[in-house]
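Working notes for the structure below.
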Amino acid sequence: MDYMDLAIIEAEKAALRGEVPIGAVVVDSRTGEVLARAGNRTEEDNDPTAHAELVALRLAARHIGSPRLPYCDLYVTLEPCTMCATAISFARIRRLYFGAYDPKGGGVDHGAQFYNQSTCHHRPDVYGGLRENECGLLLRSFFQEKRA
């Protein structure tokens, strides 16, 4: 099982809780240890900032005892929004891997393109489109069920 598999599992668990199915996993790139796994929790926690990425970053930072995660990689099922992209930068994440692109709400390759801004002090290596179809299908299916 690869790390994106784990992120997809977290997204599926989020959907079962009625959350938008987005999952994230933080991995120590030196050891391969999974430091944190999370899915969206905005509805459950009544917290607009409880995106999967932020929840996973918080858990990983607590796990290692530092707000900076320079040797860590983040796997997430959807292109992060600008809020999450900024937090990823502040956490000094080494590499960002994401699944589906988000033309409406993304902040990495779309929208604000935060990592291309002069105010961005740290840009992770970014790899988008991992298992894009599978990750996108999770989201499309979730919203189709909501509309039915």
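Chain identifiers are assigned as A, B, and so on, following the order in which chains appear in the structure tokens; residues are numbered from 1 within each chain, and ligands are numbered from 1 in order of appearance.
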Please run DSSP on the backbone and report, as a PDB file with N, CA, C and O atoms, in the first residue's frame, all residues within chain A that come out as helix (DSSP H, G or I).
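Result file follows (states_27.pdb):
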```
ATOM      1  N   TYR A   3       1.377   5.638  -0.005  1.00  0.00           N
ATOM      2  CA  TYR A   3       0.880   6.722   0.834  1.00  0.00           C
ATOM      3  C   TYR A   3      -0.400   7.347   0.283  1.00  0.00           C
ATOM      4  O   TYR A   3      -1.265   7.774   1.055  1.00  0.00           O
ATOM      5  N   MET A   4      -0.528   7.404  -1.046  1.00  0.00           N
ATOM      6  CA  MET A   4      -1.769   7.945  -1.605  1.00  0.00           C
ATOM      7  C   MET A   4      -2.933   7.004  -1.292  1.00  0.00           C
ATOM      8  O   MET A   4      -4.061   7.471  -1.089  1.00  0.00           O
ATOM      9  N   ASP A   5      -2.681   5.699  -1.221  1.00  0.00           N
ATOM     10  CA  ASP A   5      -3.731   4.763  -0.790  1.00  0.00           C
ATOM     11  C   ASP A   5      -4.251   5.163   0.587  1.00  0.00           C
ATOM     12  O   ASP A   5      -5.456   5.145   0.833  1.00  0.00           O
ATOM     13  N   LEU A   6      -3.331   5.505   1.480  1.00  0.00           N
ATOM     14  CA  LEU A   6      -3.722   5.893   2.838  1.00  0.00           C
ATOM     15  C   LEU A   6      -4.542   7.184   2.824  1.00  0.00           C
ATOM     16  O   LEU A   6      -5.525   7.310   3.567  1.00  0.00           O
ATOM     17  N   ALA A   7      -4.150   8.124   1.982  1.00  0.00           N
ATOM     18  CA  ALA A   7      -4.900   9.378   1.874  1.00  0.00           C
ATOM     19  C   ALA A   7      -6.305   9.106   1.333  1.00  0.00           C
ATOM     20  O   ALA A   7      -7.287   9.688   1.806  1.00  0.00           O
ATOM     21  N   ILE A   8      -6.415   8.220   0.372  1.00  0.00           N
ATOM     22  CA  ILE A   8      -7.718   7.872  -0.193  1.00  0.00           C
ATOM     23  C   ILE A   8      -8.590   7.198   0.859  1.00  0.00           C
ATOM     24  O   ILE A   8      -9.790   7.491   0.965  1.00  0.00           O
ATOM     25  N   ILE A   9      -8.010   6.341   1.679  1.00  0.00           N
ATOM     26  CA  ILE A   9      -8.761   5.710   2.772  1.00  0.00           C
ATOM     27  C   ILE A   9      -9.292   6.778   3.725  1.00  0.00           C
ATOM     28  O   ILE A   9     -10.443   6.731   4.157  1.00  0.00           O
ATOM     29  N   GLU A  10      -8.471   7.773   4.044  1.00  0.00           N
ATOM     30  CA  GLU A  10      -8.915   8.863   4.921  1.00  0.00           C
ATOM     31  C   GLU A  10     -10.042   9.660   4.266  1.00  0.00           C
ATOM     32  O   GLU A  10     -10.980  10.088   4.944  1.00  0.00           O
ATOM     33  N   ALA A  11      -9.960   9.860   2.947  1.00  0.00           N
ATOM     34  CA  ALA A  11     -11.015  10.574   2.225  1.00  0.00           C
ATOM     35  C   ALA A  11     -12.315   9.774   2.279  1.00  0.00           C
ATOM     36  O   ALA A  11     -13.395  10.350   2.498  1.00  0.00           O
ATOM     37  N   GLU A  12     -12.226   8.469   2.094  1.00  0.00           N
ATOM     38  CA  GLU A  12     -13.416   7.618   2.153  1.00  0.00           C
ATOM     39  C   GLU A  12     -14.038   7.641   3.549  1.00  0.00           C
ATOM     40  O   GLU A  12     -15.275   7.705   3.683  1.00  0.00           O
ATOM     41  N   LYS A  13     -13.219   7.633   4.575  1.00  0.00           N
ATOM     42  CA  LYS A  13     -13.731   7.710   5.943  1.00  0.00           C
ATOM     43  C   LYS A  13     -14.406   9.062   6.192  1.00  0.00           C
ATOM     44  O   LYS A  13     -15.433   9.137   6.863  1.00  0.00           O
ATOM     45  N   ALA A  14     -13.840  10.126   5.634  1.00  0.00           N
ATOM     46  CA  ALA A  14     -14.453  11.445   5.772  1.00  0.00           C
ATOM     47  C   ALA A  14     -15.842  11.453   5.125  1.00  0.00           C
ATOM     48  O   ALA A  14     -16.796  11.971   5.706  1.00  0.00           O
ATOM     49  N   ALA A  15     -15.954  10.860   3.947  1.00  0.00           N
ATOM     50  CA  ALA A  15     -17.245  10.811   3.255  1.00  0.00           C
ATOM     51  C   ALA A  15     -18.285  10.078   4.095  1.00  0.00           C
ATOM     52  O   ALA A  15     -19.443  10.508   4.174  1.00  0.00           O
ATOM     53  N   LEU A  16     -17.881   8.999   4.749  1.00  0.00           N
ATOM     54  CA  LEU A  16     -18.809   8.252   5.603  1.00  0.00           C
ATOM     55  C   LEU A  16     -19.299   9.088   6.780  1.00  0.00           C
ATOM     56  O   LEU A  16     -20.385   8.844   7.303  1.00  0.00           O
ATOM     57  N   THR A  42     -14.394  19.580   8.879  1.00  0.00           N
ATOM     58  CA  THR A  42     -15.013  20.900   9.019  1.00  0.00           C
ATOM     59  C   THR A  42     -16.424  20.831   9.591  1.00  0.00           C
ATOM     60  O   THR A  42     -16.776  21.637  10.457  1.00  0.00           O
ATOM     61  N   GLU A  43     -17.229  19.898   9.130  1.00  0.00           N
ATOM     62  CA  GLU A  43     -18.606  19.760   9.613  1.00  0.00           C
ATOM     63  C   GLU A  43     -18.628  19.190  11.028  1.00  0.00           C
ATOM     64  O   GLU A  43     -19.299  19.714  11.913  1.00  0.00           O
ATOM     65  N   GLU A  44     -17.888  18.122  11.212  1.00  0.00           N
ATOM     66  CA  GLU A  44     -17.867  17.433  12.507  1.00  0.00           C
ATOM     67  C   GLU A  44     -17.363  18.338  13.629  1.00  0.00           C
ATOM     68  O   GLU A  44     -17.887  18.329  14.740  1.00  0.00           O
ATOM     69  N   ASP A  45     -16.341  19.130  13.335  1.00  0.00           N
ATOM     70  CA  ASP A  45     -15.732  20.001  14.342  1.00  0.00           C
ATOM     71  C   ASP A  45     -16.303  21.422  14.327  1.00  0.00           C
ATOM     72  O   ASP A  45     -15.875  22.248  15.133  1.00  0.00           O
ATOM     73  N   ALA A  52      -8.431  18.534   5.707  1.00  0.00           N
ATOM     74  CA  ALA A  52      -7.611  17.341   5.936  1.00  0.00           C
ATOM     75  C   ALA A  52      -6.130  17.693   6.087  1.00  0.00           C
ATOM     76  O   ALA A  52      -5.448  17.165   6.972  1.00  0.00           O
ATOM     77  N   GLU A  53      -5.640  18.582   5.234  1.00  0.00           N
ATOM     78  CA  GLU A  53      -4.221  18.941   5.274  1.00  0.00           C
ATOM     79  C   GLU A  53      -3.847  19.578   6.609  1.00  0.00           C
ATOM     80  O   GLU A  53      -2.828  19.244   7.204  1.00  0.00           O
ATOM     81  N   LEU A  54      -4.685  20.519   7.061  1.00  0.00           N
ATOM     82  CA  LEU A  54      -4.374  21.220   8.310  1.00  0.00           C
ATOM     83  C   LEU A  54      -4.449  20.278   9.502  1.00  0.00           C
ATOM     84  O   LEU A  54      -3.600  20.350  10.399  1.00  0.00           O
ATOM     85  N   VAL A  55      -5.444  19.413   9.513  1.00  0.00           N
ATOM     86  CA  VAL A  55      -5.555  18.451  10.616  1.00  0.00           C
ATOM     87  C   VAL A  55      -4.325  17.546  10.634  1.00  0.00           C
ATOM     88  O   VAL A  55      -3.713  17.322  11.689  1.00  0.00           O
ATOM     89  N   ALA A  56      -3.920  17.053   9.476  1.00  0.00           N
ATOM     90  CA  ALA A  56      -2.744  16.173   9.405  1.00  0.00           C
ATOM     91  C   ALA A  56      -1.464  16.918   9.800  1.00  0.00           C
ATOM     92  O   ALA A  56      -0.621  16.363  10.521  1.00  0.00           O
ATOM     93  N   LEU A  57      -1.309  18.164   9.354  1.00  0.00           N
ATOM     94  CA  LEU A  57      -0.124  18.940   9.733  1.00  0.00           C
ATOM     95  C   LEU A  57      -0.078  19.162  11.241  1.00  0.00           C
ATOM     96  O   LEU A  57       0.990  19.048  11.856  1.00  0.00           O
ATOM     97  N   ARG A  58      -1.217  19.487  11.839  1.00  0.00           N
ATOM     98  CA  ARG A  58      -1.258  19.690  13.294  1.00  0.00           C
ATOM     99  C   ARG A  58      -0.853  18.425  14.040  1.00  0.00           C
ATOM    100  O   ARG A  58      -0.073  18.481  15.001  1.00  0.00           O
ATOM    101  N   LEU A  59      -1.402  17.290  13.605  1.00  0.00           N
ATOM    102  CA  LEU A  59      -1.084  16.014  14.266  1.00  0.00           C
ATOM    103  C   LEU A  59       0.393  15.668  14.114  1.00  0.00           C
ATOM    104  O   LEU A  59       1.043  15.227  15.070  1.00  0.00           O
ATOM    105  N   ALA A  60       0.942  15.861  12.925  1.00  0.00           N
ATOM    106  CA  ALA A  60       2.351  15.553  12.679  1.00  0.00           C
ATOM    107  C   ALA A  60       3.261  16.468  13.496  1.00  0.00           C
ATOM    108  O   ALA A  60       4.266  16.010  14.064  1.00  0.00           O
ATOM    109  N   ALA A  61       2.918  17.746  13.558  1.00  0.00           N
ATOM    110  CA  ALA A  61       3.734  18.700  14.329  1.00  0.00           C
ATOM    111  C   ALA A  61       3.740  18.320  15.809  1.00  0.00           C
ATOM    112  O   ALA A  61       4.793  18.362  16.459  1.00  0.00           O
ATOM    113  N   ARG A  62       2.576  17.949  16.324  1.00  0.00           N
ATOM    114  CA  ARG A  62       2.523  17.496  17.722  1.00  0.00           C
ATOM    115  C   ARG A  62       3.347  16.230  17.916  1.00  0.00           C
ATOM    116  O   ARG A  62       4.039  16.082  18.920  1.00  0.00           O
ATOM    117  N   HIS A  63       3.255  15.320  16.947  1.00  0.00           N
ATOM    118  CA  HIS A  63       3.971  14.045  17.034  1.00  0.00           C
ATOM    119  C   HIS A  63       5.482  14.248  17.141  1.00  0.00           C
ATOM    120  O   HIS A  63       6.140  13.586  17.939  1.00  0.00           O
ATOM    121  N   ILE A  64       6.013  15.167  16.337  1.00  0.00           N
ATOM    122  CA  ILE A  64       7.472  15.364  16.374  1.00  0.00           C
ATOM    123  C   ILE A  64       7.891  16.491  17.318  1.00  0.00           C
ATOM    124  O   ILE A  64       9.074  16.684  17.565  1.00  0.00           O
ATOM    125  N   THR A  82      -5.752  27.785  -0.989  1.00  0.00           N
ATOM    126  CA  THR A  82      -4.711  28.749  -0.629  1.00  0.00           C
ATOM    127  C   THR A  82      -4.390  28.712   0.865  1.00  0.00           C
ATOM    128  O   THR A  82      -3.225  28.810   1.253  1.00  0.00           O
ATOM    129  N   MET A  83      -5.419  28.541   1.709  1.00  0.00           N
ATOM    130  CA  MET A  83      -5.182  28.454   3.160  1.00  0.00           C
ATOM    131  C   MET A  83      -4.256  27.281   3.470  1.00  0.00           C
ATOM    132  O   MET A  83      -3.275  27.424   4.217  1.00  0.00           O
ATOM    133  N   CYS A  84      -4.551  26.135   2.882  1.00  0.00           N
ATOM    134  CA  CYS A  84      -3.737  24.947   3.148  1.00  0.00           C
ATOM    135  C   CYS A  84      -2.349  25.069   2.521  1.00  0.00           C
ATOM    136  O   CYS A  84      -1.351  24.659   3.124  1.00  0.00           O
ATOM    137  N   ALA A  85      -2.275  25.642   1.320  1.00  0.00           N
ATOM    138  CA  ALA A  85      -0.973  25.850   0.679  1.00  0.00           C
ATOM    139  C   ALA A  85      -0.080  26.720   1.549  1.00  0.00           C
ATOM    140  O   ALA A  85       1.123  26.458   1.695  1.00  0.00           O
ATOM    141  N   THR A  86      -0.664  27.743   2.163  1.00  0.00           N
ATOM    142  CA  THR A  86       0.096  28.620   3.049  1.00  0.00           C
ATOM    143  C   THR A  86       0.584  27.857   4.275  1.00  0.00           C
ATOM    144  O   THR A  86       1.759  27.963   4.652  1.00  0.00           O
ATOM    145  N   ALA A  87      -0.279  27.060   4.882  1.00  0.00           N
ATOM    146  CA  ALA A  87       0.125  26.268   6.049  1.00  0.00           C
ATOM    147  C   ALA A  87       1.213  25.272   5.685  1.00  0.00           C
ATOM    148  O   ALA A  87       2.157  25.063   6.452  1.00  0.00           O
ATOM    149  N   ILE A  88       1.122  24.679   4.503  1.00  0.00           N
ATOM    150  CA  ILE A  88       2.135  23.741   4.028  1.00  0.00           C
ATOM    151  C   ILE A  88       3.486  24.462   3.917  1.00  0.00           C
ATOM    152  O   ILE A  88       4.530  23.929   4.294  1.00  0.00           O
ATOM    153  N   SER A  89       3.455  25.686   3.409  1.00  0.00           N
ATOM    154  CA  SER A  89       4.669  26.494   3.315  1.00  0.00           C
ATOM    155  C   SER A  89       5.223  26.810   4.698  1.00  0.00           C
ATOM    156  O   SER A  89       6.425  26.649   4.950  1.00  0.00           O
ATOM    157  N   PHE A  90       4.351  27.265   5.607  1.00  0.00           N
ATOM    158  CA  PHE A  90       4.799  27.594   6.968  1.00  0.00           C
ATOM    159  C   PHE A  90       5.380  26.382   7.677  1.00  0.00           C
ATOM    160  O   PHE A  90       6.311  26.514   8.475  1.00  0.00           O
ATOM    161  N   PHE A 114      -0.243  30.162  -4.742  1.00  0.00           N
ATOM    162  CA  PHE A 114       0.503  30.732  -3.620  1.00  0.00           C
ATOM    163  C   PHE A 114       2.017  30.556  -3.728  1.00  0.00           C
ATOM    164  O   PHE A 114       2.764  31.466  -3.389  1.00  0.00           O
ATOM    165  N   TYR A 115       2.470  29.411  -4.189  1.00  0.00           N
ATOM    166  CA  TYR A 115       3.918  29.165  -4.217  1.00  0.00           C
ATOM    167  C   TYR A 115       4.645  30.022  -5.248  1.00  0.00           C
ATOM    168  O   TYR A 115       5.871  30.115  -5.210  1.00  0.00           O
ATOM    169  N   ASN A 116       3.899  30.666  -6.141  1.00  0.00           N
ATOM    170  CA  ASN A 116       4.510  31.560  -7.129  1.00  0.00           C
ATOM    171  C   ASN A 116       4.512  33.020  -6.672  1.00  0.00           C
ATOM    172  O   ASN A 116       5.001  33.880  -7.397  1.00  0.00           O
ATOM    173  N   GLU A 132      -5.221  10.906 -10.143  1.00  0.00           N
ATOM    174  CA  GLU A 132      -6.173  11.999 -10.359  1.00  0.00           C
ATOM    175  C   GLU A 132      -7.591  11.499 -10.613  1.00  0.00           C
ATOM    176  O   GLU A 132      -8.554  12.017 -10.032  1.00  0.00           O
ATOM    177  N   ASN A 133      -7.739  10.515 -11.478  1.00  0.00           N
ATOM    178  CA  ASN A 133      -9.084  10.018 -11.804  1.00  0.00           C
ATOM    179  C   ASN A 133      -9.766   9.422 -10.592  1.00  0.00           C
ATOM    180  O   ASN A 133     -10.943   9.684 -10.332  1.00  0.00           O
ATOM    181  N   GLU A 134      -9.061   8.621  -9.851  1.00  0.00           N
ATOM    182  CA  GLU A 134      -9.615   7.984  -8.661  1.00  0.00           C
ATOM    183  C   GLU A 134     -10.002   9.015  -7.603  1.00  0.00           C
ATOM    184  O   GLU A 134     -11.089   8.953  -7.015  1.00  0.00           O
ATOM    185  N   CYS A 135      -9.128   9.969  -7.369  1.00  0.00           N
ATOM    186  CA  CYS A 135      -9.405  11.011  -6.375  1.00  0.00           C
ATOM    187  C   CYS A 135     -10.561  11.896  -6.818  1.00  0.00           C
ATOM    188  O   CYS A 135     -11.419  12.267  -6.009  1.00  0.00           O
ATOM    189  N   GLY A 136     -10.603  12.231  -8.086  1.00  0.00           N
ATOM    190  CA  GLY A 136     -11.684  13.048  -8.617  1.00  0.00           C
ATOM    191  C   GLY A 136     -13.019  12.325  -8.563  1.00  0.00           C
ATOM    192  O   GLY A 136     -14.057  12.931  -8.265  1.00  0.00           O
ATOM    193  N   LEU A 137     -13.008  11.016  -8.820  1.00  0.00           N
ATOM    194  CA  LEU A 137     -14.235  10.222  -8.772  1.00  0.00           C
ATOM    195  C   LEU A 137     -14.828  10.207  -7.366  1.00  0.00           C
ATOM    196  O   LEU A 137     -16.052  10.280  -7.202  1.00  0.00           O
ATOM    197  N   LEU A 138     -13.971  10.133  -6.357  1.00  0.00           N
ATOM    198  CA  LEU A 138     -14.454  10.191  -4.968  1.00  0.00           C
ATOM    199  C   LEU A 138     -15.270  11.463  -4.734  1.00  0.00           C
ATOM    200  O   LEU A 138     -16.357  11.412  -4.152  1.00  0.00           O
ATOM    201  N   LEU A 139     -14.757  12.576  -5.192  1.00  0.00           N
ATOM    202  CA  LEU A 139     -15.432  13.861  -5.005  1.00  0.00           C
ATOM    203  C   LEU A 139     -16.706  13.949  -5.834  1.00  0.00           C
ATOM    204  O   LEU A 139     -17.763  14.350  -5.323  1.00  0.00           O
ATOM    205  N   ARG A 140     -16.624  13.578  -7.102  1.00  0.00           N
ATOM    206  CA  ARG A 140     -17.805  13.651  -7.968  1.00  0.00           C
ATOM    207  C   ARG A 140     -18.924  12.757  -7.432  1.00  0.00           C
ATOM    208  O   ARG A 140     -20.090  13.168  -7.382  1.00  0.00           O
ATOM    209  N   SER A 141     -18.592  11.549  -7.016  1.00  0.00           N
ATOM    210  CA  SER A 141     -19.593  10.620  -6.475  1.00  0.00           C
ATOM    211  C   SER A 141     -20.241  11.184  -5.221  1.00  0.00           C
ATOM    212  O   SER A 141     -21.457  11.087  -5.044  1.00  0.00           O
ATOM    213  N   PHE A 142     -19.436  11.761  -4.351  1.00  0.00           N
ATOM    214  CA  PHE A 142     -19.946  12.335  -3.106  1.00  0.00           C
ATOM    215  C   PHE A 142     -20.980  13.423  -3.401  1.00  0.00           C
ATOM    216  O   PHE A 142     -22.071  13.432  -2.841  1.00  0.00           O
ATOM    217  N   PHE A 143     -20.635  14.331  -4.313  1.00  0.00           N
ATOM    218  CA  PHE A 143     -21.535  15.439  -4.603  1.00  0.00           C
ATOM    219  C   PHE A 143     -22.761  14.998  -5.400  1.00  0.00           C
ATOM    220  O   PHE A 143     -23.843  15.559  -5.228  1.00  0.00           O
ATOM    221  N   GLN A 144     -22.607  13.971  -6.243  1.00  0.00           N
ATOM    222  CA  GLN A 144     -23.770  13.437  -6.948  1.00  0.00           C
ATOM    223  C   GLN A 144     -24.762  12.837  -5.950  1.00  0.00           C
ATOM    224  O   GLN A 144     -25.979  13.025  -6.097  1.00  0.00           O
ATOM    225  N   GLU A 145     -24.270  12.127  -4.961  1.00  0.00           N
ATOM    226  CA  GLU A 145     -25.142  11.554  -3.927  1.00  0.00           C
ATOM    227  C   GLU A 145     -25.821  12.653  -3.126  1.00  0.00           C
ATOM    228  O   GLU A 145     -27.002  12.520  -2.773  1.00  0.00           O
ATOM    229  N   LYS A 146     -25.109  13.728  -2.845  1.00  0.00           N
ATOM    230  CA  LYS A 146     -25.693  14.842  -2.093  1.00  0.00           C
ATOM    231  C   LYS A 146     -26.840  15.492  -2.875  1.00  0.00           C
ATOM    232  O   LYS A 146     -27.808  15.944  -2.286  1.00  0.00           O
ATOM    233  N   ARG A 147     -26.691  15.572  -4.193  1.00  0.00           N
ATOM    234  CA  ARG A 147     -27.698  16.209  -5.032  1.00  0.00           C
ATOM    235  C   ARG A 147     -28.896  15.310  -5.290  1.00  0.00           C
ATOM    236  O   ARG A 147     -29.956  15.796  -5.674  1.00  0.00           O
TER     237      ARG A 147
END
```
Tell me which protein, DNA and RNA residues are within 12 Å of Arg30 in chain A, counting only C-alpha atoms, leaving out same-chain ones fewer than 6 positions away, and put them as a count of residues only. 6
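CA of Ala36 in chain A is positioned 14.7 Å from CA of Thr77 in chain A.
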For His110 in chain A, work out the shell of residues within 12 Å, counting only C-alpha atoms and skipping chain neighbours fewer than 3 positions away, then give it as a ChimeraX atom specification. /A:78-82,85,100-107,113-116,128
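Between Pro124 in chain A and the candidates A:Val27, A:Ala148, A:Leu74, A:Leu35, the tightest atom-to-atom separation, counting only C-alpha atoms, involves A:Leu74.
What separates CA of Val126 in chain A from CA of Leu96 in chain A is a distance of 4.8 Å.
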Assign secondary structure with DSSP using the backbone only, and return the residues of chain A in strand (DSSP E or B) as a PyMOL selection string. chain A and resi 23-28+34-39+72-78+95-100+125-127
Just write the chosen residues, N, CA and C atoms, as a short mmCIF file (atom, residue, chain, number, x, y, z; two decimals), in the first residue's frame.
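To be explicit, this is the file written out as again-v1.cif:
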```cif
data_model
loop_
_atom_site.label_atom_id
_atom_site.label_comp_id
_atom_site.auth_asym_id
_atom_site.auth_seq_id
_atom_site.Cartn_x
_atom_site.Cartn_y
_atom_site.Cartn_z
N GLY A 23 -8.57 13.44 1.92
CA GLY A 23 -7.71 12.83 2.91
C GLY A 23 -6.28 13.28 2.73
N ALA A 24 -5.54 13.25 3.84
CA ALA A 24 -4.14 13.70 3.81
C ALA A 24 -3.29 12.81 4.72
N VAL A 25 -2.04 12.64 4.32
CA VAL A 25 -1.08 11.83 5.07
C VAL A 25 0.25 12.57 5.10
N VAL A 26 0.87 12.66 6.29
CA VAL A 26 2.19 13.25 6.43
C VAL A 26 3.18 12.12 6.70
N VAL A 27 4.27 12.11 5.92
CA VAL A 27 5.26 11.04 5.99
C VAL A 27 6.64 11.62 6.24
N ASP A 28 7.39 11.02 7.16
CA ASP A 28 8.79 11.38 7.36
C ASP A 28 9.57 10.78 6.20
N VAL A 34 4.70 7.00 8.72
CA VAL A 34 3.52 7.84 8.61
C VAL A 34 3.35 8.54 9.96
N LEU A 35 3.47 9.86 9.96
CA LEU A 35 3.38 10.64 11.19
C LEU A 35 1.94 11.02 11.51
N ALA A 36 1.12 11.18 10.47
CA ALA A 36 -0.26 11.59 10.70
C ALA A 36 -1.11 11.26 9.49
N ARG A 37 -2.39 10.96 9.76
CA ARG A 37 -3.39 10.71 8.72
C ARG A 37 -4.65 11.43 9.14
N ALA A 38 -5.33 12.04 8.17
CA ALA A 38 -6.56 12.75 8.53
C ALA A 38 -7.45 12.93 7.31
N GLY A 39 -8.72 13.10 7.59
CA GLY A 39 -9.70 13.48 6.58
C GLY A 39 -10.31 14.80 7.00
N CYS A 72 9.48 16.23 5.87
CA CYS A 72 8.21 15.52 5.67
C CYS A 72 7.61 15.80 4.30
N ASP A 73 6.87 14.80 3.84
CA ASP A 73 6.11 14.90 2.60
C ASP A 73 4.63 14.81 2.95
N LEU A 74 3.81 15.51 2.18
CA LEU A 74 2.37 15.50 2.38
C LEU A 74 1.70 14.93 1.14
N TYR A 75 0.84 13.96 1.36
CA TYR A 75 0.03 13.36 0.30
C TYR A 75 -1.42 13.76 0.58
N VAL A 76 -2.08 14.34 -0.42
CA VAL A 76 -3.47 14.77 -0.23
C VAL A 76 -4.24 14.47 -1.51
N THR A 77 -5.52 14.14 -1.36
CA THR A 77 -6.31 13.69 -2.50
C THR A 77 -6.78 14.80 -3.42
N LEU A 78 -6.71 16.05 -2.98
CA LEU A 78 -7.15 17.19 -3.80
C LEU A 78 -6.13 18.32 -3.69
N ARG A 95 7.94 17.96 0.25
CA ARG A 95 7.27 17.65 -1.01
C ARG A 95 5.77 17.53 -0.79
N LEU A 96 5.02 18.06 -1.74
CA LEU A 96 3.57 17.97 -1.74
C LEU A 96 3.15 17.12 -2.93
N TYR A 97 2.41 16.07 -2.64
CA TYR A 97 1.84 15.20 -3.68
C TYR A 97 0.33 15.32 -3.57
N PHE A 98 -0.35 15.65 -4.67
CA PHE A 98 -1.80 15.69 -4.60
C PHE A 98 -2.43 14.97 -5.77
N GLY A 99 -3.68 14.57 -5.56
CA GLY A 99 -4.42 13.79 -6.55
C GLY A 99 -5.11 14.66 -7.57
N ALA A 100 -6.38 14.96 -7.34
CA ALA A 100 -7.17 15.72 -8.30
C ALA A 100 -6.80 17.20 -8.27
N ASP A 125 8.49 21.03 -3.19
CA ASP A 125 8.41 20.41 -4.50
C ASP A 125 6.98 19.92 -4.65
N VAL A 126 6.35 20.18 -5.78
CA VAL A 126 4.94 19.86 -5.97
C VAL A 126 4.78 18.85 -7.10
N TYR A 127 4.00 17.82 -6.82
CA TYR A 127 3.68 16.78 -7.81
C TYR A 127 2.18 16.58 -7.81
#
```
Between CA of Glu19 in chain A and CA of Asn40 in chain A, measure the distance and give it in Å to one decimal. 6.0 Å
